[in-house]
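Novice: Dropping in model02.cif, with mmCIF, C-alpha atoms.
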```cif
data_entry
loop_
_atom_site.label_atom_id
_atom_site.label_comp_id
_atom_site.auth_asym_id
_atom_site.auth_seq_id
_atom_site.Cartn_x
_atom_site.Cartn_y
_atom_site.Cartn_z
CA MET M 1 -57.04 -46.36 -1.03
CA THR M 2 -58.22 -43.10 -2.65
CA ILE M 3 -61.02 -42.82 -0.11
CA GLU M 4 -58.54 -43.39 2.72
CA TYR M 5 -56.31 -40.60 1.39
CA ILE M 6 -59.28 -38.23 1.46
CA GLY M 7 -59.83 -39.15 5.11
CA TYR M 8 -56.14 -38.62 5.90
CA ALA M 9 -56.21 -35.26 4.12
CA GLY M 10 -59.24 -34.18 6.15
CA SER M 11 -57.51 -35.16 9.41
CA LEU M 12 -54.32 -33.32 8.42
CA LEU M 13 -56.19 -30.15 7.45
CA TRP M 14 -58.16 -30.23 10.69
CA LEU M 15 -54.94 -30.61 12.71
CA LEU M 16 -53.32 -27.75 10.79
CA SER M 17 -56.30 -25.52 11.59
CA LEU M 18 -55.55 -25.94 15.31
CA THR M 19 -52.06 -24.49 14.80
CA MET M 20 -53.34 -21.26 13.22
CA SER M 21 -53.31 -18.10 15.34
CA ASN M 22 -54.96 -16.11 12.55
CA ARG M 23 -58.70 -16.67 12.83
CA ILE M 24 -59.40 -16.46 9.10
CA LYS M 25 -56.70 -19.02 8.29
CA LEU M 26 -58.03 -21.25 11.08
CA ARG M 27 -61.50 -21.13 9.55
CA ILE M 28 -60.19 -21.75 6.02
CA PHE M 29 -58.24 -24.87 7.04
CA SER M 30 -61.19 -26.06 9.11
CA LEU M 31 -63.41 -25.50 6.06
CA LEU M 32 -61.10 -27.55 3.85
CA GLY M 33 -60.84 -30.33 6.43
CA ALA M 34 -64.61 -30.49 6.90
CA SER M 35 -65.08 -30.52 3.11
CA ALA M 36 -62.74 -33.50 2.82
CA TYR M 37 -64.63 -35.31 5.58
CA THR M 38 -67.95 -34.53 3.91
CA LEU M 39 -66.73 -36.23 0.72
CA TYR M 40 -65.14 -39.03 2.75
CA GLY M 41 -68.39 -39.80 4.55
CA TYR M 42 -70.38 -39.65 1.33
CA LEU M 43 -68.10 -42.08 -0.49
CA LEU M 44 -68.30 -44.53 2.43
CA ASN M 45 -72.08 -44.13 2.67
CA ALA M 46 -71.46 -42.84 6.22
CA TYR M 47 -74.13 -40.19 5.87
CA PRO M 48 -74.10 -38.95 9.49
CA VAL M 49 -70.38 -38.11 9.07
CA SER M 50 -71.09 -36.42 5.75
CA ILE M 51 -74.05 -34.41 7.08
CA VAL M 52 -72.31 -33.20 10.25
CA ASN M 53 -69.21 -32.08 8.36
CA GLY M 54 -71.37 -30.47 5.69
CA ILE M 55 -72.91 -28.36 8.44
CA ILE M 56 -69.42 -27.50 9.71
CA VAL M 57 -68.54 -26.37 6.16
CA LEU M 58 -71.51 -23.99 6.15
CA LEU M 59 -70.64 -22.67 9.61
CA ASN M 60 -67.06 -22.00 8.56
CA ILE M 61 -68.24 -20.14 5.44
CA TYR M 62 -70.48 -18.00 7.65
CA HIS M 63 -67.69 -17.19 10.12
CA ILE M 64 -65.20 -16.39 7.33
CA TYR M 65 -67.76 -13.97 5.91
CA ARG M 66 -68.19 -12.34 9.33
CA LEU M 67 -64.42 -12.06 9.84
CA LYS M 68 -63.97 -10.52 6.40
CA ARG M 69 -66.63 -7.94 7.22
CA ASN M 70 -64.60 -6.91 10.27
CA ASP M 71 -62.28 -5.16 7.81
CA ASP M 72 -65.08 -2.60 7.50
CA ASP M 73 -65.08 -1.80 11.22
CA LEU M 74 -64.95 1.91 11.97
CA PHE M 75 -61.74 3.02 13.67
CA ASN M 76 -61.02 6.44 15.17
CA ILE M 77 -58.30 8.14 17.18
CA LEU M 78 -59.13 10.13 20.33
CA GLU M 79 -56.49 12.24 22.08
CA LEU M 80 -56.94 13.81 25.52
CA PRO M 81 -54.83 14.99 28.50
CA ALA M 82 -53.91 11.95 30.60
CA GLU M 83 -53.66 13.55 34.03
CA ASN M 84 -56.88 13.31 36.08
CA SER M 85 -58.74 11.65 33.19
CA ARG M 86 -61.45 9.36 34.56
CA TYR M 87 -61.86 7.86 31.09
CA LEU M 88 -58.20 6.82 31.04
CA HIS M 89 -58.26 5.66 34.65
CA ASN M 90 -61.20 3.31 33.99
CA PHE M 91 -59.53 1.86 30.88
CA LEU M 92 -56.25 1.21 32.70
CA GLU M 93 -58.05 -0.42 35.62
CA GLN M 94 -59.97 -2.69 33.28
CA HIS M 95 -56.84 -3.88 31.45
CA LYS M 96 -54.19 -3.46 34.14
CA ASN M 97 -53.24 -7.13 34.49
CA ASP M 98 -52.71 -7.52 30.75
CA ILE M 99 -50.86 -4.20 30.41
CA ARG M 100 -48.49 -5.19 33.23
CA LYS M 101 -47.20 -8.10 31.09
CA TYR M 102 -45.65 -5.61 28.67
CA PHE M 103 -45.24 -2.56 30.93
CA PRO M 104 -44.53 -3.90 34.44
CA GLU M 105 -43.87 -0.35 35.70
CA ILE M 106 -47.49 0.71 35.06
CA ASP M 107 -48.20 1.38 38.76
CA ASN M 108 -45.28 3.82 39.02
CA ILE M 109 -45.92 5.86 35.89
CA SER M 110 -46.65 9.55 36.40
CA LEU M 111 -49.33 10.95 34.10
CA LYS M 112 -48.32 14.57 34.68
CA ASN M 113 -47.80 16.44 31.38
CA CYS M 114 -48.84 13.29 29.47
CA TYR M 115 -51.37 12.75 26.72
CA ALA M 116 -53.46 9.64 26.07
CA VAL M 117 -54.27 8.57 22.52
CA PHE M 118 -57.11 6.05 22.39
CA THR M 119 -57.84 3.70 19.54
CA LEU M 120 -61.61 3.43 19.13
CA LYS M 121 -63.23 0.55 17.29
CA ASN M 122 -66.85 1.33 16.51
CA PHE M 123 -66.54 4.11 19.14
CA MET M 124 -65.40 1.72 21.87
CA PRO M 125 -61.85 2.04 23.32
CA VAL M 126 -59.65 -0.96 22.43
CA GLY M 127 -56.20 0.51 23.00
CA VAL M 128 -54.28 3.45 24.42
CA CYS M 129 -50.90 5.09 23.96
CA ILE M 130 -49.69 7.35 26.79
CA TYR M 131 -46.83 9.67 25.99
CA GLU M 132 -44.93 12.70 27.26
CA ILE M 133 -43.04 15.21 25.14
CA LYS M 134 -39.43 15.65 26.26
CA SER M 135 -37.12 18.02 24.37
CA GLY M 136 -39.14 17.59 21.20
CA ILE M 137 -39.13 13.78 21.47
CA ILE M 138 -42.28 11.76 22.10
CA ASP M 139 -41.51 9.50 25.06
CA ILE M 140 -44.04 6.66 25.07
CA LYS M 141 -44.78 5.37 28.57
CA ILE M 142 -47.52 2.85 27.75
CA ASP M 143 -48.71 1.59 24.39
CA TYR M 144 -51.33 -1.11 24.81
CA MET M 145 -53.78 -2.75 22.44
CA SER M 146 -56.41 -5.28 23.50
CA LEU M 147 -56.89 -6.51 19.92
CA ASN M 148 -54.70 -8.85 17.89
CA SER M 149 -52.64 -7.24 15.14
CA SER M 150 -54.77 -9.08 12.56
CA ASP M 151 -57.81 -7.12 13.81
CA LEU M 152 -56.13 -3.74 13.30
CA LYS M 153 -56.07 -3.51 9.51
CA GLY M 154 -58.67 -0.77 9.50
CA ALA M 155 -56.71 1.29 12.04
CA VAL M 156 -53.34 1.41 10.29
CA SER M 157 -54.24 4.37 8.06
CA HIS M 158 -55.32 6.36 11.14
CA TYR M 159 -51.99 5.70 12.85
CA ILE M 160 -50.12 6.82 9.75
CA ASP M 161 -52.16 10.05 9.60
CA TYR M 162 -51.64 10.69 13.31
CA ARG M 163 -47.91 10.09 13.00
CA GLN M 164 -47.83 12.54 10.08
CA SER M 165 -49.61 15.16 12.20
CA LEU M 166 -46.93 14.75 14.89
CA LYS M 167 -44.23 15.19 12.27
CA GLU M 168 -45.89 18.39 11.04
CA LYS M 169 -45.76 19.74 14.59
CA GLY M 170 -41.98 19.42 14.48
CA TYR M 171 -41.46 16.14 16.34
CA LYS M 172 -38.90 13.88 14.73
CA GLU M 173 -39.04 10.61 16.64
CA MET M 174 -40.81 8.50 19.22
CA VAL M 175 -38.97 6.59 21.93
CA VAL M 176 -40.38 3.55 23.71
CA LYS M 177 -39.01 0.85 26.02
CA VAL M 178 -39.43 -2.56 24.43
CA LYS M 179 -39.25 -5.56 26.76
CA HIS M 180 -41.36 -8.09 24.90
CA ASN M 181 -40.99 -9.54 21.37
CA LYS M 182 -44.76 -9.61 20.94
CA TYR M 183 -44.80 -5.86 21.42
CA LYS M 184 -42.21 -5.46 18.65
CA LYS M 185 -44.48 -7.45 16.33
CA TYR M 186 -47.38 -5.21 17.32
CA LEU M 187 -45.38 -2.09 16.41
CA SER M 188 -44.48 -3.67 13.09
CA SER M 189 -48.17 -4.37 12.35
CA LEU M 190 -48.87 -0.64 12.75
CA GLY M 191 -46.31 0.25 10.12
CA HIS M 192 -43.49 1.28 12.46
CA THR M 193 -39.98 0.38 11.35
CA GLU M 194 -37.20 -0.25 13.80
CA ASP M 195 -34.38 2.26 13.45
CA ALA M 196 -32.03 1.31 16.28
CA THR M 197 -32.38 -0.53 19.56
CA MET M 198 -30.12 0.01 22.55
CA SER M 199 -30.83 -1.39 26.01
CA ASN M 200 -34.42 -2.20 25.05
CA ILE M 201 -34.97 1.36 23.83
CA LEU M 202 -36.68 1.51 20.43
CA ARG M 203 -36.42 4.76 18.48
CA ILE M 204 -39.12 5.19 15.85
CA PRO M 205 -38.44 7.99 13.33
CA LEU M 206 -41.47 10.00 12.27
CA THR M 207 -40.87 9.58 8.55
#
```
What's the structure tokens form of this structure?

Specialist:
Amino acid sequence: MTIEYIGYAGSLLWLLSLTMSNRIKLRIFSLLGASAYTLYGYLLNAYPVSIVNGIIVLLNIYHIYRLKRNDDDLFNILELPAENSRYLHNFLEQHKNDIRKYFPEIDNISLKNCYAVFTLKNFMPVGVCIYEIKSGIIDIKIDYMSLNSSDLKGAVSHYIDYRQSLKEKGYKEMVVKVKHNKYKKYLSSLGHTEDATMSNILRIPLT
């Protein structure tokens, strides 16, 4: 019965790994499940099962190591005028379908008097925030990130520094239309705190 419980535990851990959206957690549960199956196969003298799952254990260890190293990725912030920017135009064209899920008005947005702030990961653009300054308030028109929030740990400090620089220029808050709960979670992952929401308008104090 003990051997059967080990097999059940391996199956349960493997199933749990499939429910994980976080890649590191997925790999950890897969590692634990494969470890249980390795022991299960060994105790039953089912060596092919033991060997295959032993290999899966090693692969999971390798991928966890690679994912942990991603915390050392180099992030930078690049700001430039949005109007007539070919760099911005190419990025928006590349990600337009995905951006439209969160900002359906993307095709009607005017870039006049706007600035684009790109998030660069290892010098490659992975996100952009387009904003216009109105009466001292930063009106965000598009704020899009192609990465998952779990991949942005190395960028948070840059966002905090950039937000502080805006505060030092005399701006007191950012305003953005929020129409998707996933976008709210994304803002939270960047360290933004919700102050007040009215009619899908989120006001983010620059504190």

Novice: Using all atoms listed in the file, pick whichever of M:Gly7, M:Asn60, M:Ser85, M:Phe29 has the shortest atom-to-atom distance to Gly41 in chain M.

Specialist: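 Checking each candidate against Gly41 in chain M, we get M:Gly7 as the closest.
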
Novice: Quick one: apply the PyMOL selection byres ((chain M and resi 75) around 8) to the file and drop the selected residues here as a PDB file with C-alpha atoms, in the coordinates of the input.

Specialist:
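The resulting file, selection12.pdb, is shown below:
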```
ATOM      1  CA  ASP M  73     -65.080  -1.800  11.220  1.00  0.00           C
ATOM      2  CA  LEU M  74     -64.950   1.910  11.970  1.00  0.00           C
ATOM      3  CA  ASN M  76     -61.020   6.440  15.170  1.00  0.00           C
ATOM      4  CA  ILE M  77     -58.300   8.140  17.180  1.00  0.00           C
ATOM      5  CA  THR M 119     -57.840   3.700  19.540  1.00  0.00           C
ATOM      6  CA  LEU M 120     -61.610   3.430  19.130  1.00  0.00           C
ATOM      7  CA  LYS M 121     -63.230   0.550  17.290  1.00  0.00           C
ATOM      8  CA  ASN M 122     -66.850   1.330  16.510  1.00  0.00           C
ATOM      9  CA  PHE M 123     -66.540   4.110  19.140  1.00  0.00           C
ATOM     10  CA  GLY M 154     -58.670  -0.770   9.500  1.00  0.00           C
ATOM     11  CA  ALA M 155     -56.710   1.290  12.040  1.00  0.00           C
ATOM     12  CA  HIS M 158     -55.320   6.360  11.140  1.00  0.00           C
TER      13      HIS M 158
END
```

Novice: Considering only C-alpha atoms, return as a ChimeraX atom specification whatever protein or nucleic-acid residues lie within 8 Å of Leu13 in chain M, sequence-local ones (same chain, fewer than 3 positions apart) excluded.

Specialist: /M:9-10,16-17,29-30,32-33

Novice: Could you please take those selected residues and save C-alpha atoms as a PDB file, keeping the file's coordinate frame?

Specialist:
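Produced file result_3.pdb, reproduced below:
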```pdb
ATOM      1  CA  ALA M   9     -56.210 -35.260   4.120  1.00  0.00           C
ATOM      2  CA  GLY M  10     -59.240 -34.180   6.150  1.00  0.00           C
ATOM      3  CA  LEU M  16     -53.320 -27.750  10.790  1.00  0.00           C
ATOM      4  CA  SER M  17     -56.300 -25.520  11.590  1.00  0.00           C
ATOM      5  CA  PHE M  29     -58.240 -24.870   7.040  1.00  0.00           C
ATOM      6  CA  SER M  30     -61.190 -26.060   9.110  1.00  0.00           C
ATOM      7  CA  LEU M  32     -61.100 -27.550   3.850  1.00  0.00           C
ATOM      8  CA  GLY M  33     -60.840 -30.330   6.430  1.00  0.00           C
TER       9      GLY M  33
END
```

Novice: Between CA of Glu83 in chain M and CA of Val117 in chain M, what distance in Å does the model show, to one decimal?

Specialist: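 Computing the Euclidean distance for CA of Glu83 in chain M and CA of Val117 in chain M yields 12.6 Å.
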
Novice: Identify all residues satisfying the PyMOL selection byres ((chain M and resi 57) around 8) in the given file; provide them as a VMD selection string.

Specialist: chain M and resid 30 to 32 34 to 35 53 to 56 58 to 61

Novice: One decimal, Å: what's the distance from CA of Pro205 in chain M over to CA of Glu168 in chain M, could you say?

Specialist: 13.0 Å

Novice: What does the structure give for the distance between CA of Trp14 in chain M and CA of Tyr62 in chain M, in Å to one decimal?

Specialist: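 According to the coordinates, CA of Trp14 in chain M and CA of Tyr62 in chain M are separated by 17.6 Å.
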
Novice: When the PyMOL selection byres ((chain M and resi 125-135) around 7) is applied to the file above, which residues end up in the set, as a list in words?

Specialist: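 Going through the file, the PyMOL selection byres ((chain M and resi 125-135) around 7) ends up selecting Asn113, Cys114, Tyr115, Ala116, Val117, Phe118, Thr119, Leu120, Lys121, Phe123, Met124, Gly136, Ile137, Ile138, Asp139, Ile140, Lys141, Ile142, Asp143, Tyr144, Met145, Ser146 and Leu147 of chain M.
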
Novice: Which one is closest to Pro81 in chain M: M:Lys68, M:Arg100, M:Lys112, M:His63? Count only C-alpha atoms.

Specialist: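 Counting only C-alpha atoms, the residue closest to Pro81 in chain M is M:Lys112.
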
Novice: For a quick check of understanding, using only C-alpha atoms, which of M:Leu206, M:Leu88, M:Leu12, M:Ile28 has the smallest distance to Ser165 in chain M?

Specialist: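 For Ser165 in chain M, the nearest of the candidates is M:Leu206.
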
Novice: Leu44 in chain M: which residues within 12 Å, counting all atoms listed in the file, same-chain residues fewer than 5 positions away excluded, as a PDB file with C-alpha atoms, keeping the file's coordinate frame?

Specialist:
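Output contents, as saved in around_24.pdb:
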```pdb
ATOM      1  CA  MET M   1     -57.040 -46.360  -1.030  1.00  0.00           C
ATOM      2  CA  THR M   2     -58.220 -43.100  -2.650  1.00  0.00           C
ATOM      3  CA  ILE M   3     -61.020 -42.820  -0.110  1.00  0.00           C
ATOM      4  CA  GLU M   4     -58.540 -43.390   2.720  1.00  0.00           C
ATOM      5  CA  ILE M   6     -59.280 -38.230   1.460  1.00  0.00           C
ATOM      6  CA  GLY M   7     -59.830 -39.150   5.110  1.00  0.00           C
ATOM      7  CA  TYR M  37     -64.630 -35.310   5.580  1.00  0.00           C
ATOM      8  CA  THR M  38     -67.950 -34.530   3.910  1.00  0.00           C
ATOM      9  CA  LEU M  39     -66.730 -36.230   0.720  1.00  0.00           C
ATOM     10  CA  VAL M  49     -70.380 -38.110   9.070  1.00  0.00           C
ATOM     11  CA  SER M  50     -71.090 -36.420   5.750  1.00  0.00           C
TER      12      SER M  50
END
```
